[in-house]
Amino acid sequence: MCNPVQPQPCPILSVRQESAHEWTFRVATDARPQHGQFMQLSIPKVGEAPISVSAQGEGWLEFTIRSVGRVTNVIFQKQPGDLLFLRGPYGKGWPVEALRGKHLVVLTGGTGLAPVRSLLNMAAADPGFARSVHLVSGFKNEAGIVFHQELEAWRSSFTTLYALDNDPREGWRTGLVPSFVPEIPFDSFGGDYAVLVVGPPPMMKFTGLALMANGVEAEKVWMSFERKMSCAVGKCGHCRIDEVYVCLDGPVFPYTVARDLVD
Amino acid sequence: MSYALSIGQADQALRALAERYDIYAPKRFPKQGRFSDTDVIRYDKVERASDIVWDVKSDYPAKEVITPIQQAIFYFAEEEYRASRGRQRPILLFARPCDIHAQKIQARIMAGNGGFTDHYYARVRERVKFILMECAGGDDTCFCVSMGTNAVEPADYAAAVRFRPDGLLIKTEDPELEAAFSLGAPSDFAPEFVTENQRTVTLPDLEDKAVRQALKAHPMWRQFDKRCISCGACTVACSTCTCFTTRDLTYGDNPEAGERRRVTASCQIAGFDQMAGQKEFRSAAGDRMRYKVLHKFHDYKARFGEGHMCVGCGRCTHRCPEMISITATVEKMNAAIAEIKAGLAQSEQEVDRHV
Ligand SMILES: Cc1cc2nc3c(=O)[nH]c(=O)nc-3n(C[C@H](O)[C@H](O)[C@H](O)COP(=O)(O)OP(=O)(O)OC[C@H]3O[C@@H](n4cnc5c(N)ncnc54)[C@H](O)[C@@H]3O)c2cc1C
Ligand code: SF4
Ligand code: SF4
Ligand code: FES
């Protein structure tokens, strides 16, 4: 009988430090997730955690992980050659077809950049994918910045605005992501745009409000959620909000759904 | 076919069936109850007809046989998660109509939601045959008639039984059970169903999204912030609650060996929605009550279409140490909905007057 929660052993290929608390693990696997989907990562005897796929290639996936607790702390002790146990991919990712040919606006807070990283890299590699890409990425402070190299590389293909919450930094702005929404030239898009938002819950809430206040159409906005999960297959109930399950119907939701969900 | 069996014949029938089946029914556990000197009635393996408690409703639901409070789902072997081996023998499960309906509800989650069928649920459920225990009317917490879960169809069970102090009447539907019970005298028994409870509820009308959103913010939930002590007794006793947490553990004497375990979880207990490094979304007991009650009386049905997630068994009311009654809570909700609708109608009128 098929067991949807069976983890499979996958060797770690490489480990790269992104920031003070975030590391990227490249893992060998044949799984082919869609942009914005997530996997369940297990360490035997420790536990399991849902982690977004932050990049993918032939025979490998990358996960960018913040060490915050039992499982993620032990993952940080792993070296290339060690095993991680994977199952997935799970959930609904970004609506890639609805984004094609549009002016794409991506607003991220902190490690929220991880779940859109593979999509951004695809858009950078394929200039025909989007008419333009506007990327606004905010981080708490310098130590929290992830994907340094890509952030610099994206400057040449996207219109970028990088910011730290309070601190000054050369070539960067100071302030919170929602405060930069009025600077995005939505008027020039002729209605032909799509907006992706991902970050901590307060950042997403206030970014959504700022978008609406600036006349952005709710139907053209998507958000990616993180909730407590203990199965990823619609059984354990932890991720449920109203009649939706974040593990099944999300993590990416249209804003028209997301804005009305009450935890 | 229907038969009348004496206690002795019923014991003989169960002995014959036990060669093939594990037989589960509500059983009395003396002095394990909520108050001193009270008993607890919960499901366990039975051998004799006299083991089966039929004259009062069990404190805990039949679901415990199918989705146990805890179970090992994997064992760790070197570089491998090895799925635990499930039960090998078929199960006969004595259950009232509410508990049988509850399994239809659990099935939509455990063997359907998102297109995933849970391996650990399915491997037990496919071995279960129900023996319907005719219910003589339940107790003062039951409201199955209001929920439409008072009756089941012959397709839902393998046999139906009416217990009496001196024996039982049984009607078999599944030919495999026929031989064991045919030692009794022929009878014209057919099961009957409860048609009236002491308690009733009016199902809340939450079709309107604006009403629903207003209800979530209504002050009625705040009264539970102090009243509910977030013990989770209601969800453990609930016939339909399915939530669980997955946890790894190692055995004390051998840190290399261990298991991944599934443990019942309760949305009423703090931490249910807690993510590492984030604020809890439902940090007050009243928010958690709102979450549970709306799941039972709106959200589940909004997702799966057929019927609510409550079978009216009343076990949550019965087990609550704070005397919180689900029927009273639903009626409070109805009053709040009426108030909200009146408010919305009035503001609409005012808008009309201003245009
Ligand atoms: C769809 C999705 C995508 C995600 N993507 C990423 C990503 O790309 N990168 C990333 O870093 N993070 C991501 N996360 C968050 C990540 O899943 C969590 O940070 C991770 O689960 C933390 O696990 P942990 O074991 O390290 O922490 P834990 O120590 O397990 O802490 C997590 C929570 O579990 C509970 N808990 C832990 N142990 C127990 C216990 N014994 N009993 C009861 N409760 C307990 C606590 O409430 C705690 O708050 C994502 C989450 C989701 C839902
Ligand atoms: S909510 Fe209460 S009455 Fe309804 S099924 Fe659960 S325990 Fe029974
Ligand atoms: S409603 Fe009653 S049984 Fe349920 S958590 Fe609150 S106090 Fe406990
Ligand atoms: S994570 Fe278990 S139901 Fe979504």
# chains A, B, ... in the order shown; residues from 1 in each chain; ligands from 1
$ residues_near_ligand --ligand "ligand 4" --cutoff "8 Å" --atoms "only C-alpha atoms and all ligand atoms" --output "PyMOL selection string"
chain A and resi 228-240+245-248
$ interface_residues --of "chain B" --to "chain A" --cutoff "6 Å" --atoms "only C-alpha atoms" --output "PyMOL selection string"
chain B and resi 110+113-114+119+243-246+248-250+273+275+299+303
$ residues_near_ligand --ligand "ligand 2" --cutoff "8 Å" --atoms "only C-alpha atoms and all ligand atoms" --output "JSON, numbers by chain"
{"B": [98, 102, 141, 142, 143, 234, 235, 237, 238, 239, 240, 241, 293, 296, 309, 310, 311, 312, 313, 314, 315, 316, 317, 326, 327]}
$ write_last_selection --atoms "N, CA and C atoms" --output "PDB file, in the first residue's frame"
ATOM      1  N   CYS B  98     -24.447   7.109  16.124  1.00  0.00           N
ATOM      2  CA  CYS B  98     -23.613   8.329  16.082  1.00  0.00           C
ATOM      3  C   CYS B  98     -22.165   7.978  15.786  1.00  0.00           C
ATOM      4  N   ALA B 102     -19.894   8.990  12.649  1.00  0.00           N
ATOM      5  CA  ALA B 102     -18.627   9.694  12.887  1.00  0.00           C
ATOM      6  C   ALA B 102     -17.530   9.133  11.984  1.00  0.00           C
ATOM      7  N   THR B 141     -27.199  14.592  27.153  1.00  0.00           N
ATOM      8  CA  THR B 141     -26.290  15.431  26.357  1.00  0.00           C
ATOM      9  C   THR B 141     -26.455  15.182  24.851  1.00  0.00           C
ATOM     10  N   CYS B 142     -27.213  14.125  24.492  1.00  0.00           N
ATOM     11  CA  CYS B 142     -27.308  13.721  23.078  1.00  0.00           C
ATOM     12  C   CYS B 142     -28.237  14.634  22.278  1.00  0.00           C
ATOM     13  N   PHE B 143     -27.869  14.880  20.996  1.00  0.00           N
ATOM     14  CA  PHE B 143     -28.751  15.615  20.085  1.00  0.00           C
ATOM     15  C   PHE B 143     -28.581  15.116  18.640  1.00  0.00           C
ATOM     16  N   CYS B 234     -12.569  17.705  25.672  1.00  0.00           N
ATOM     17  CA  CYS B 234     -13.684  17.655  24.730  1.00  0.00           C
ATOM     18  C   CYS B 234     -13.276  17.035  23.407  1.00  0.00           C
ATOM     19  N   THR B 235     -12.089  17.353  22.922  1.00  0.00           N
ATOM     20  CA  THR B 235     -11.692  16.842  21.607  1.00  0.00           C
ATOM     21  C   THR B 235     -11.243  15.385  21.687  1.00  0.00           C
ATOM     22  N   ALA B 237     -12.632  13.246  23.642  1.00  0.00           N
ATOM     23  CA  ALA B 237     -13.886  12.488  23.736  1.00  0.00           C
ATOM     24  C   ALA B 237     -14.718  12.590  22.465  1.00  0.00           C
ATOM     25  N   CYS B 238     -14.393  13.518  21.596  1.00  0.00           N
ATOM     26  CA  CYS B 238     -15.227  13.767  20.415  1.00  0.00           C
ATOM     27  C   CYS B 238     -15.186  12.579  19.453  1.00  0.00           C
ATOM     28  N   SER B 239     -16.354  12.220  18.964  1.00  0.00           N
ATOM     29  CA  SER B 239     -16.471  11.093  18.032  1.00  0.00           C
ATOM     30  C   SER B 239     -15.795  11.361  16.703  1.00  0.00           C
ATOM     31  N   THR B 240     -15.642  12.634  16.353  1.00  0.00           N
ATOM     32  CA  THR B 240     -15.170  12.945  15.002  1.00  0.00           C
ATOM     33  C   THR B 240     -13.807  13.625  14.932  1.00  0.00           C
ATOM     34  N   CYS B 241     -13.336  14.236  16.011  1.00  0.00           N
ATOM     35  CA  CYS B 241     -12.053  14.951  15.948  1.00  0.00           C
ATOM     36  C   CYS B 241     -10.945  14.017  15.464  1.00  0.00           C
ATOM     37  N   VAL B 293     -15.613  25.218  17.313  1.00  0.00           N
ATOM     38  CA  VAL B 293     -17.059  25.197  17.100  1.00  0.00           C
ATOM     39  C   VAL B 293     -17.394  25.534  15.641  1.00  0.00           C
ATOM     40  N   LYS B 296     -16.794  22.492  13.519  1.00  0.00           N
ATOM     41  CA  LYS B 296     -17.871  21.500  13.665  1.00  0.00           C
ATOM     42  C   LYS B 296     -19.150  21.943  12.963  1.00  0.00           C
ATOM     43  N   MET B 309     -19.634  18.398  10.968  1.00  0.00           N
ATOM     44  CA  MET B 309     -18.633  17.523  11.564  1.00  0.00           C
ATOM     45  C   MET B 309     -19.024  17.081  12.970  1.00  0.00           C
ATOM     46  N   CYS B 310     -20.257  17.336  13.353  1.00  0.00           N
ATOM     47  CA  CYS B 310     -20.712  16.949  14.686  1.00  0.00           C
ATOM     48  C   CYS B 310     -21.831  15.932  14.526  1.00  0.00           C
ATOM     49  N   VAL B 311     -21.764  14.843  15.287  1.00  0.00           N
ATOM     50  CA  VAL B 311     -22.816  13.826  15.208  1.00  0.00           C
ATOM     51  C   VAL B 311     -23.772  13.913  16.394  1.00  0.00           C
ATOM     52  N   GLY B 312     -23.599  14.937  17.232  1.00  0.00           N
ATOM     53  CA  GLY B 312     -24.525  15.127  18.344  1.00  0.00           C
ATOM     54  C   GLY B 312     -24.417  14.082  19.437  1.00  0.00           C
ATOM     55  N   CYS B 313     -23.223  13.497  19.597  1.00  0.00           N
ATOM     56  CA  CYS B 313     -23.064  12.450  20.611  1.00  0.00           C
ATOM     57  C   CYS B 313     -23.027  13.025  22.020  1.00  0.00           C
ATOM     58  N   GLY B 314     -22.741  14.330  22.140  1.00  0.00           N
ATOM     59  CA  GLY B 314     -22.747  14.971  23.449  1.00  0.00           C
ATOM     60  C   GLY B 314     -21.573  14.628  24.342  1.00  0.00           C
ATOM     61  N   ARG B 315     -20.606  13.873  23.826  1.00  0.00           N
ATOM     62  CA  ARG B 315     -19.496  13.447  24.690  1.00  0.00           C
ATOM     63  C   ARG B 315     -18.651  14.628  25.158  1.00  0.00           C
ATOM     64  N   CYS B 316     -18.538  15.661  24.304  1.00  0.00           N
ATOM     65  CA  CYS B 316     -17.739  16.832  24.704  1.00  0.00           C
ATOM     66  C   CYS B 316     -18.380  17.516  25.912  1.00  0.00           C
ATOM     67  N   THR B 317     -19.713  17.648  25.874  1.00  0.00           N
ATOM     68  CA  THR B 317     -20.438  18.245  26.997  1.00  0.00           C
ATOM     69  C   THR B 317     -20.238  17.390  28.246  1.00  0.00           C
ATOM     70  N   ILE B 326     -21.934  21.919  24.469  1.00  0.00           N
ATOM     71  CA  ILE B 326     -21.865  22.238  23.042  1.00  0.00           C
ATOM     72  C   ILE B 326     -23.222  22.750  22.547  1.00  0.00           C
ATOM     73  N   THR B 327     -24.309  22.184  23.059  1.00  0.00           N
ATOM     74  CA  THR B 327     -25.621  22.650  22.586  1.00  0.00           C
ATOM     75  C   THR B 327     -25.864  24.089  23.043  1.00  0.00           C
TER      76      THR B 327
END
$ closest_residue --among "A:Ala130, A:Val216, A:Met39, A:Leu13" --to "ligand 1" --atoms "only C-alpha atoms and all ligand atoms"
A:Met39
$ residues_around --residues "His308 (chain B)" --least-positions-apart "3" --cutoff "8 Å" --atoms "only C-alpha atoms" --output "ChimeraX atom specification"
/B:147,296-298,300-301,311
$ write_last_selection --atoms "N, CA, C and O atoms" --output "PDB file, in the first residue's frame"
ATOM      1  N   MET B 147     -28.831  16.529  14.402  1.00  0.00           N
ATOM      2  CA  MET B 147     -27.720  16.456  13.450  1.00  0.00           C
ATOM      3  C   MET B 147     -28.007  15.468  12.309  1.00  0.00           C
ATOM      4  O   MET B 147     -27.182  15.318  11.406  1.00  0.00           O
ATOM      5  N   LYS B 296     -16.794  22.492  13.519  1.00  0.00           N
ATOM      6  CA  LYS B 296     -17.871  21.500  13.665  1.00  0.00           C
ATOM      7  C   LYS B 296     -19.150  21.943  12.963  1.00  0.00           C
ATOM      8  O   LYS B 296     -19.890  21.105  12.455  1.00  0.00           O
ATOM      9  N   PHE B 297     -19.448  23.264  12.978  1.00  0.00           N
ATOM     10  CA  PHE B 297     -20.762  23.725  12.506  1.00  0.00           C
ATOM     11  C   PHE B 297     -20.697  24.628  11.279  1.00  0.00           C
ATOM     12  O   PHE B 297     -21.673  25.257  10.937  1.00  0.00           O
ATOM     13  N   HIS B 298     -19.541  24.715  10.647  1.00  0.00           N
ATOM     14  CA  HIS B 298     -19.486  25.400   9.351  1.00  0.00           C
ATOM     15  C   HIS B 298     -18.364  24.904   8.437  1.00  0.00           C
ATOM     16  O   HIS B 298     -18.612  24.443   7.329  1.00  0.00           O
ATOM     17  N   TYR B 300     -16.100  22.443   8.168  1.00  0.00           N
ATOM     18  CA  TYR B 300     -16.016  21.088   7.615  1.00  0.00           C
ATOM     19  C   TYR B 300     -17.030  20.913   6.485  1.00  0.00           C
ATOM     20  O   TYR B 300     -16.713  20.436   5.401  1.00  0.00           O
ATOM     21  N   LYS B 301     -18.251  21.353   6.745  1.00  0.00           N
ATOM     22  CA  LYS B 301     -19.294  21.204   5.735  1.00  0.00           C
ATOM     23  C   LYS B 301     -18.996  22.060   4.507  1.00  0.00           C
ATOM     24  O   LYS B 301     -19.268  21.651   3.371  1.00  0.00           O
ATOM     25  N   VAL B 311     -21.764  14.843  15.287  1.00  0.00           N
ATOM     26  CA  VAL B 311     -22.816  13.826  15.208  1.00  0.00           C
ATOM     27  C   VAL B 311     -23.772  13.913  16.394  1.00  0.00           C
ATOM     28  O   VAL B 311     -24.634  13.049  16.565  1.00  0.00           O
TER      29      VAL B 311
END
$ select_by_dssp --residues "region 47-173 of chain A" --states "helix (DSSP H, G or I)" --output "ChimeraX atom specification"
/A:70-75,96-99,110-125,142-144,148-157
$ residues_near_ligand --ligand "ligand 3" --cutoff "6 Å" --atoms "only C-alpha atoms and all ligand atoms" --output "PyMOL selection string"
chain B and resi 228-234+268+320-322+324
$ write_last_selection --atoms "all heavy atoms" --output "compact mmCIF listing (two decimals), in the first residue's frame"
# COMPACT_ATOMS: atom_id res chain seq x y z
N CYS B 228 -13.11 28.24 29.77
CA CYS B 228 -12.45 27.04 29.23
C CYS B 228 -11.03 27.00 29.73
O CYS B 228 -10.28 27.97 29.58
CB CYS B 228 -12.49 27.08 27.70
SG CYS B 228 -11.48 25.79 26.94
N ILE B 229 -10.65 25.86 30.32
CA ILE B 229 -9.29 25.76 30.87
C ILE B 229 -8.33 25.10 29.88
O ILE B 229 -7.22 24.73 30.22
CB ILE B 229 -9.29 25.01 32.21
CG1 ILE B 229 -9.90 23.61 32.06
CG2 ILE B 229 -10.03 25.82 33.29
CD1 ILE B 229 -9.66 22.69 33.26
N SER B 230 -8.79 24.94 28.63
CA SER B 230 -7.93 24.43 27.55
C SER B 230 -7.32 23.07 27.88
O SER B 230 -6.14 22.83 27.59
CB SER B 230 -6.82 25.44 27.23
OG SER B 230 -7.38 26.68 26.88
N CYS B 231 -8.13 22.20 28.44
CA CYS B 231 -7.62 20.88 28.81
C CYS B 231 -7.66 19.89 27.66
O CYS B 231 -6.96 18.89 27.66
CB CYS B 231 -8.41 20.32 29.98
SG CYS B 231 -10.15 20.02 29.57
N GLY B 232 -8.53 20.16 26.67
CA GLY B 232 -8.62 19.27 25.51
C GLY B 232 -9.46 18.02 25.75
O GLY B 232 -9.53 17.14 24.89
N ALA B 233 -10.10 17.91 26.90
CA ALA B 233 -10.92 16.73 27.19
C ALA B 233 -12.04 16.57 26.16
O ALA B 233 -12.42 15.45 25.80
CB ALA B 233 -11.51 16.83 28.60
N CYS B 234 -12.57 17.71 25.67
CA CYS B 234 -13.68 17.66 24.73
C CYS B 234 -13.28 17.03 23.41
O CYS B 234 -14.03 16.25 22.82
CB CYS B 234 -14.24 19.06 24.50
SG CYS B 234 -12.99 20.29 24.09
N GLN B 268 -7.83 22.78 21.16
CA GLN B 268 -8.21 23.54 22.35
C GLN B 268 -7.02 23.79 23.28
O GLN B 268 -7.12 24.56 24.23
CB GLN B 268 -9.31 22.81 23.12
CG GLN B 268 -10.58 22.61 22.30
CD GLN B 268 -11.13 23.92 21.77
OE1 GLN B 268 -11.74 24.70 22.48
NE2 GLN B 268 -10.88 24.21 20.49
N CYS B 320 -16.57 17.71 29.77
CA CYS B 320 -15.97 19.01 30.10
C CYS B 320 -16.01 19.27 31.61
O CYS B 320 -17.07 19.29 32.22
CB CYS B 320 -16.70 20.13 29.37
SG CYS B 320 -16.00 21.75 29.79
N PRO B 321 -14.83 19.48 32.24
CA PRO B 321 -14.80 19.74 33.68
C PRO B 321 -15.38 21.11 34.04
O PRO B 321 -15.68 21.37 35.19
CB PRO B 321 -13.31 19.67 34.02
CG PRO B 321 -12.61 20.02 32.75
CD PRO B 321 -13.49 19.50 31.64
N GLU B 322 -15.53 21.97 33.04
CA GLU B 322 -16.04 23.32 33.30
C GLU B 322 -17.51 23.45 32.91
O GLU B 322 -18.04 24.56 32.81
CB GLU B 322 -15.20 24.35 32.53
CG GLU B 322 -13.73 24.35 32.94
CD GLU B 322 -13.54 24.67 34.42
OE1 GLU B 322 -14.11 25.67 34.88
OE2 GLU B 322 -12.84 23.91 35.11
N ILE B 324 -19.01 23.18 30.16
CA ILE B 324 -19.31 23.89 28.90
C ILE B 324 -20.08 22.92 28.00
O ILE B 324 -19.61 21.81 27.72
CB ILE B 324 -18.01 24.38 28.22
CG1 ILE B 324 -17.34 25.43 29.11
CG2 ILE B 324 -18.30 24.94 26.83
CD1 ILE B 324 -15.95 25.83 28.67
$ residues_around --residues "Pro204 (chain B)" --least-positions-apart "5" --cutoff "8 Å" --atoms "only C-alpha atoms" --output "tab-separated table (two decimals) with C-alpha atoms, in the first residue's frame"
chain	number	residue	atom	x	y	z
B	297	PHE	CA	-20.76	23.72	12.51
B	330	VAL	CA	-24.44	26.57	19.49
B	333	MET	CA	-23.93	31.30	18.45
B	334	ASN	CA	-27.46	31.38	16.99
B	337	ILE	CA	-25.94	35.41	14.44
$ select_by_dssp --residues "region 69-225 of chain A" --states "strand (DSSP E or B)" --output "number ranges by chain"
A: 83-90, 92, 103-109, 132-139, 159-164, 173-174, 193-198, 221-224
$ write_last_selection --atoms "C-alpha atoms" --output "mmCIF file, in the first residue's frame"
data_model
loop_
_atom_site.group_PDB
_atom_site.id
_atom_site.type_symbol
_atom_site.label_atom_id
_atom_site.label_comp_id
_atom_site.auth_asym_id
_atom_site.auth_seq_id
_atom_site.Cartn_x
_atom_site.Cartn_y
_atom_site.Cartn_z
ATOM 1 C CA LEU A 83 21.489 11.891 4.750
ATOM 2 C CA LEU A 84 18.354 13.999 4.959
ATOM 3 C CA PHE A 85 15.013 12.229 4.642
ATOM 4 C CA LEU A 86 12.578 13.810 2.209
ATOM 5 C CA ARG A 87 8.969 13.448 1.193
ATOM 6 C CA GLY A 88 6.947 15.605 -1.155
ATOM 7 C CA PRO A 89 6.623 17.898 -3.008
ATOM 8 C CA TYR A 90 3.453 19.249 -1.418
ATOM 9 C CA LYS A 92 0.105 24.562 -4.485
ATOM 10 C CA HIS A 103 4.729 42.733 -15.288
ATOM 11 C CA LEU A 104 5.788 40.744 -12.235
ATOM 12 C CA VAL A 105 6.045 42.417 -8.838
ATOM 13 C CA VAL A 106 7.648 40.366 -6.043
ATOM 14 C CA LEU A 107 7.654 41.631 -2.449
ATOM 15 C CA THR A 108 9.554 39.603 0.143
ATOM 16 C CA GLY A 109 10.391 39.862 3.829
ATOM 17 C CA SER A 132 9.329 43.168 -16.382
ATOM 18 C CA VAL A 133 10.227 42.118 -12.862
ATOM 19 C CA HIS A 134 10.093 44.486 -9.896
ATOM 20 C CA LEU A 135 11.666 42.936 -6.799
ATOM 21 C CA VAL A 136 11.335 44.539 -3.369
ATOM 22 C CA SER A 137 13.206 42.575 -0.681
ATOM 23 C CA GLY A 138 13.396 43.661 2.918
ATOM 24 C CA PHE A 139 15.543 42.208 5.693
ATOM 25 C CA THR A 159 14.161 46.568 -11.148
ATOM 26 C CA THR A 160 15.271 46.012 -7.564
ATOM 27 C CA LEU A 161 14.739 47.740 -4.256
ATOM 28 C CA TYR A 162 16.544 46.212 -1.293
ATOM 29 C CA ALA A 163 16.009 47.497 2.215
ATOM 30 C CA LEU A 164 16.939 46.948 5.854
ATOM 31 C CA ARG A 173 17.152 51.691 1.443
ATOM 32 C CA THR A 174 15.952 51.858 5.023
ATOM 33 C CA TYR A 193 0.605 42.709 -13.790
ATOM 34 C CA ALA A 194 0.828 40.076 -11.071
ATOM 35 C CA VAL A 195 2.037 40.574 -7.504
ATOM 36 C CA LEU A 196 3.624 37.937 -5.264
ATOM 37 C CA VAL A 197 4.049 38.544 -1.539
ATOM 38 C CA VAL A 198 5.898 36.313 0.922
ATOM 39 C CA VAL A 221 -2.072 39.340 -5.883
ATOM 40 C CA TRP A 222 -0.858 36.015 -4.414
ATOM 41 C CA MET A 223 0.610 35.286 -0.981
ATOM 42 C CA SER A 224 2.511 32.327 0.433
#
$ residues_around --residues "region 182-186 of chain B" --least-positions-apart "2" --cutoff "9 Å" --atoms "only C-alpha atoms" --output "list in words"
Met1, Ser2, Tyr3, Ala4, Leu5, Ser6, Gln9, Ala10, Gln12, Ala13, Leu169, Leu177, Glu178, Ala179, Ala180, Asp188 and Phe189 of chain B
$ write_last_selection --atoms "N, CA, C and O atoms" --output "mmCIF file, in the first residue's frame"
data_model
loop_
_atom_site.group_PDB
_atom_site.id
_atom_site.type_symbol
_atom_site.label_atom_id
_atom_site.label_comp_id
_atom_site.auth_asym_id
_atom_site.auth_seq_id
_atom_site.Cartn_x
_atom_site.Cartn_y
_atom_site.Cartn_z
ATOM 1 N N MET B 1 -30.964 -12.469 8.482
ATOM 2 C CA MET B 1 -31.793 -13.246 9.405
ATOM 3 C C MET B 1 -31.699 -12.661 10.813
ATOM 4 O O MET B 1 -30.674 -12.139 11.206
ATOM 5 N N SER B 2 -32.797 -12.818 11.566
ATOM 6 C CA SER B 2 -32.796 -12.323 12.942
ATOM 7 C C SER B 2 -32.904 -13.478 13.931
ATOM 8 O O SER B 2 -33.577 -14.477 13.661
ATOM 9 N N TYR B 3 -32.228 -13.322 15.062
ATOM 10 C CA TYR B 3 -32.210 -14.363 16.088
ATOM 11 C C TYR B 3 -32.305 -13.746 17.475
ATOM 12 O O TYR B 3 -31.879 -12.606 17.685
ATOM 13 N N ALA B 4 -32.824 -14.575 18.410
ATOM 14 C CA ALA B 4 -32.813 -14.199 19.825
ATOM 15 C C ALA B 4 -31.827 -15.129 20.529
ATOM 16 O O ALA B 4 -31.910 -16.350 20.373
ATOM 17 N N LEU B 5 -30.872 -14.536 21.260
ATOM 18 C CA LEU B 5 -29.865 -15.349 21.941
ATOM 19 C C LEU B 5 -29.894 -15.079 23.438
ATOM 20 O O LEU B 5 -30.056 -13.924 23.856
ATOM 21 N N SER B 6 -29.704 -16.141 24.213
ATOM 22 C CA SER B 6 -29.526 -15.956 25.653
ATOM 23 C C SER B 6 -28.101 -15.455 25.880
ATOM 24 O O SER B 6 -27.273 -15.486 24.966
ATOM 25 N N GLN B 9 -25.708 -18.167 24.988
ATOM 26 C CA GLN B 9 -25.571 -18.338 23.534
ATOM 27 C C GLN B 9 -24.774 -17.190 22.918
ATOM 28 O O GLN B 9 -23.974 -17.387 22.006
ATOM 29 N N ALA B 10 -25.001 -15.973 23.450
ATOM 30 C CA ALA B 10 -24.269 -14.809 22.931
ATOM 31 C C ALA B 10 -22.776 -14.980 23.199
ATOM 32 O O ALA B 10 -21.939 -14.694 22.335
ATOM 33 N N GLN B 12 -21.217 -17.776 23.469
ATOM 34 C CA GLN B 12 -20.761 -18.827 22.551
ATOM 35 C C GLN B 12 -20.525 -18.233 21.152
ATOM 36 O O GLN B 12 -19.534 -18.541 20.494
ATOM 37 N N ALA B 13 -21.448 -17.376 20.726
ATOM 38 C CA ALA B 13 -21.323 -16.748 19.406
ATOM 39 C C ALA B 13 -20.066 -15.879 19.352
ATOM 40 O O ALA B 13 -19.311 -15.905 18.375
ATOM 41 N N LEU B 169 -30.991 -9.583 20.859
ATOM 42 C CA LEU B 169 -31.635 -9.840 19.578
ATOM 43 C C LEU B 169 -30.675 -9.342 18.513
ATOM 44 O O LEU B 169 -30.076 -8.276 18.667
ATOM 45 N N LEU B 177 -21.301 -13.503 9.292
ATOM 46 C CA LEU B 177 -21.630 -13.523 10.724
ATOM 47 C C LEU B 177 -22.805 -14.455 11.018
ATOM 48 O O LEU B 177 -23.128 -14.721 12.172
ATOM 49 N N GLU B 178 -23.422 -14.922 9.955
ATOM 50 C CA GLU B 178 -24.651 -15.701 10.073
ATOM 51 C C GLU B 178 -24.450 -16.945 10.950
ATOM 52 O O GLU B 178 -25.186 -17.156 11.915
ATOM 53 N N ALA B 179 -23.457 -17.745 10.638
ATOM 54 C CA ALA B 179 -23.264 -19.040 11.295
ATOM 55 C C ALA B 179 -23.151 -18.873 12.806
ATOM 56 O O ALA B 179 -23.764 -19.620 13.577
ATOM 57 N N ALA B 180 -22.373 -17.878 13.243
ATOM 58 C CA ALA B 180 -22.123 -17.720 14.674
ATOM 59 C C ALA B 180 -23.416 -17.444 15.445
ATOM 60 O O ALA B 180 -23.595 -17.933 16.561
ATOM 61 N N ASP B 188 -38.091 -11.919 14.760
ATOM 62 C CA ASP B 188 -38.419 -10.954 13.706
ATOM 63 C C ASP B 188 -37.820 -9.581 14.037
ATOM 64 O O ASP B 188 -38.292 -8.545 13.588
ATOM 65 N N PHE B 189 -36.715 -9.596 14.809
ATOM 66 C CA PHE B 189 -36.094 -8.347 15.237
ATOM 67 C C PHE B 189 -35.591 -7.503 14.051
ATOM 68 O O PHE B 189 -34.981 -8.011 13.118
#
$ atom_distance --atom1 "CA of Arg28 (chain B)" --atom2 "CA of Lys129 (chain B)"
22.0 Å
$ residues_around --residues "Lys63 (chain B)" --least-positions-apart "5" --cutoff "12 Å" --atoms "only C-alpha atoms" --output "VMD selection string"
chain B and resid 24 to 26 42 to 44 58 68 to 69 93 to 96 98 to 107 121 124 to 125 128 130 235 to 242 264
$ closest_residue --among "A:Leu41, A:Ala210, A:Ala28, A:Val71" --to "ligand 1" --atoms "only C-alpha atoms and all ligand atoms"
A:Val71
$ closest_atom_pairs --of "chain B" --to "ligand 1" --cutoff "6 Å" --atoms "only C-alpha atoms and all ligand atoms" --output "tab-separated table"
residue	atom	partner	partner_atom_place_in_ligand_line	distance
B:Gly271	CA	ligand 1	47 (O)	5.3
B:Gln274	CA	ligand 1	47 (O)	4.2
B:Met275	CA	ligand 1	49 (O)	4.0
B:Ala276	CA	ligand 1	49 (O)	3.4
$ write_last_selection --atoms "N, CA, C and O atoms" --output "compact mmCIF listing (two decimals), in the first residue's frame"
# COMPACT_ATOMS: atom_id res chain seq x y z
N GLY B 271 -0.68 26.11 21.82
CA GLY B 271 0.46 25.57 21.08
C GLY B 271 0.07 24.83 19.82
O GLY B 271 0.93 24.51 19.00
N GLN B 274 1.29 26.83 17.10
CA GLN B 274 2.55 27.52 17.38
C GLN B 274 3.64 27.10 16.41
O GLN B 274 3.97 25.93 16.30
N MET B 275 4.23 28.08 15.70
CA MET B 275 5.39 27.81 14.85
C MET B 275 6.60 28.36 15.56
O MET B 275 6.52 29.41 16.22
N ALA B 276 7.73 27.70 15.38
CA ALA B 276 8.97 28.16 16.01
C ALA B 276 9.21 29.62 15.65
O ALA B 276 9.10 30.01 14.50
$ residues_around --residues "Met212 (chain A)" --least-positions-apart "6" --cutoff "12 Å" --atoms "only C-alpha atoms" --output "list of chain:residue names"
A:Pro178, A:Val181, A:Pro182, A:Phe186, A:Val195, A:Lys205, A:Phe206, A:Ala218, A:Glu219, A:Lys220, A:Val221, A:Tyr255, A:Thr256, A:Arg259
